[in-house]
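Following: one structure in structure tokens, then a few remarks.
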Amino acid sequence: MSTTQVDFYLLEAASDDEAERFLCRLCEKAFRLAQRVLVVAEEPQLSRLDELLWSFRPESFIPHEKASDARDQAIIPVLLSASSEQASGRDVLVNLANSVPASAAQESRIVELVWGDPQARAHRRARYREYRALGLNPGTIQIDARF
């Protein structure tokens with residue numbers, strides 16, 4: 001049995017901007033806990049996250065880089081990538097991509113964010129079932145509108 005922890009964060013009434021800001025807070029918390037994070041998403045979301053991680057709070061500093069720009073990915077605390085292939089050795093994989101990572105059963109922790117319209121939420125429910133089919137036991141965490 002795998003020891004992968006999969007958490008679905010259910011963001012009530014969140015816009016794309018609010019969900020991305022919540023993601024920044026997750027990355028900030030992981031960084032403070034000395035955890036290394038890989039955020040998997042597609043362009044143009046990767047570029048938005050790259051900018052937002054620098055500016056979402058004036059007092060915050062989250063060292064990060066796009067995998068395509070990183071010279072030494074091993075030293076980057078928060079890595080942004082279009083692929084989960086860089087997940088090896090990372091403590092947390094935040095999956096914003098359209099599919100379950102191929103390495104899901106080998107990861108320490110996977111975070112999925114659920115927000116948006118009913119169709120997007122239905123897609124995430126299907127993803128939850130995919131994790132279950134892999135023998136993983138995903139959990140859910142309800143986040144209210146005040147996050």
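In the structure tokens, the first chain shown is A, the next is B, and so on; residue numbers restart at 1 for each chain, and ligands run from 1 in the order shown.
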Q.
Give me the residues near range 53-58 of chain A as a ChimeraX atom specification, where near means some atom within 7 Å (using only C-alpha atoms) and where sequence neighbours in that chain fewer than 4 positions away do not count.
A. /A:21,24,49,62
**Q.** Selection: 12 Å around Ala74 in chain A, only C-alpha atoms, excl. self and same-chain fewer than 3 positions, as a ChimeraX atom specification
**A.** /A:36-38,64-65,67,70-71,77-79,86-90
List the spatial neighbours of Asp144 in chain A as a PDB file with N, CA and C atoms, in the first residue's frame - criterion: any atom at most 12 Å away, only C-alpha atoms, same-chain residues fewer than 2 positions off excluded.
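Everything below was put into selection-v1.pdb:
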```
ATOM      1  N   TYR A   9      -8.331  20.236  -1.674  1.00  0.00           N
ATOM      2  CA  TYR A   9      -8.779  21.440  -0.982  1.00  0.00           C
ATOM      3  C   TYR A   9      -9.990  21.978  -1.727  1.00  0.00           C
ATOM      4  N   LEU A  10     -11.139  21.993  -1.061  1.00  0.00           N
ATOM      5  CA  LEU A  10     -12.387  22.454  -1.661  1.00  0.00           C
ATOM      6  C   LEU A  10     -12.562  23.927  -1.336  1.00  0.00           C
ATOM      7  N   LEU A  11     -12.355  24.776  -2.332  1.00  0.00           N
ATOM      8  CA  LEU A  11     -12.416  26.225  -2.152  1.00  0.00           C
ATOM      9  C   LEU A  11     -13.806  26.708  -2.526  1.00  0.00           C
ATOM     10  N   GLU A  12     -14.580  27.051  -1.551  1.00  0.00           N
ATOM     11  CA  GLU A  12     -15.950  27.498  -1.793  1.00  0.00           C
ATOM     12  C   GLU A  12     -15.969  28.872  -2.441  1.00  0.00           C
ATOM     13  N   ALA A  13     -16.747  28.996  -3.483  1.00  0.00           N
ATOM     14  CA  ALA A  13     -17.006  30.275  -4.163  1.00  0.00           C
ATOM     15  C   ALA A  13     -15.731  31.008  -4.559  1.00  0.00           C
ATOM     16  N   ALA A  14     -14.710  30.283  -4.949  1.00  0.00           N
ATOM     17  CA  ALA A  14     -13.447  30.915  -5.305  1.00  0.00           C
ATOM     18  C   ALA A  14     -13.384  31.218  -6.802  1.00  0.00           C
ATOM     19  N   GLU A  18      -8.613  34.035  -6.724  1.00  0.00           N
ATOM     20  CA  GLU A  18      -8.620  33.626  -5.312  1.00  0.00           C
ATOM     21  C   GLU A  18      -7.957  32.266  -5.130  1.00  0.00           C
ATOM     22  N   ALA A  19      -8.217  31.341  -6.029  1.00  0.00           N
ATOM     23  CA  ALA A  19      -7.607  30.013  -5.944  1.00  0.00           C
ATOM     24  C   ALA A  19      -6.090  30.108  -6.109  1.00  0.00           C
ATOM     25  N   PHE A  22      -4.647  31.436  -2.942  1.00  0.00           N
ATOM     26  CA  PHE A  22      -4.626  30.368  -1.939  1.00  0.00           C
ATOM     27  C   PHE A  22      -3.419  29.450  -2.191  1.00  0.00           C
ATOM     28  N   TRP A 115     -12.129  24.268  -7.365  1.00  0.00           N
ATOM     29  CA  TRP A 115     -12.873  25.528  -7.382  1.00  0.00           C
ATOM     30  C   TRP A 115     -13.499  25.671  -8.755  1.00  0.00           C
ATOM     31  N   ILE A 141     -10.472  18.678   2.274  1.00  0.00           N
ATOM     32  CA  ILE A 141     -10.332  19.748   3.262  1.00  0.00           C
ATOM     33  C   ILE A 141     -11.178  20.909   2.758  1.00  0.00           C
ATOM     34  N   GLN A 142     -12.191  21.265   3.512  1.00  0.00           N
ATOM     35  CA  GLN A 142     -13.094  22.352   3.139  1.00  0.00           C
ATOM     36  C   GLN A 142     -12.469  23.684   3.550  1.00  0.00           C
ATOM     37  N   ARG A 146     -13.289  32.793   3.397  1.00  0.00           N
ATOM     38  CA  ARG A 146     -12.426  33.753   4.071  1.00  0.00           C
ATOM     39  C   ARG A 146     -10.944  33.440   3.970  1.00  0.00           C
ATOM     40  N   PHE A 147     -10.578  32.430   3.194  1.00  0.00           N
ATOM     41  CA  PHE A 147      -9.172  32.045   3.149  1.00  0.00           C
ATOM     42  C   PHE A 147      -8.332  33.178   2.640  1.00  0.00           C
TER      43      PHE A 147
END
```
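Distance-wise, CA of Cys27 in chain A and CA of Leu96 in chain A end up 13.5 Å apart.
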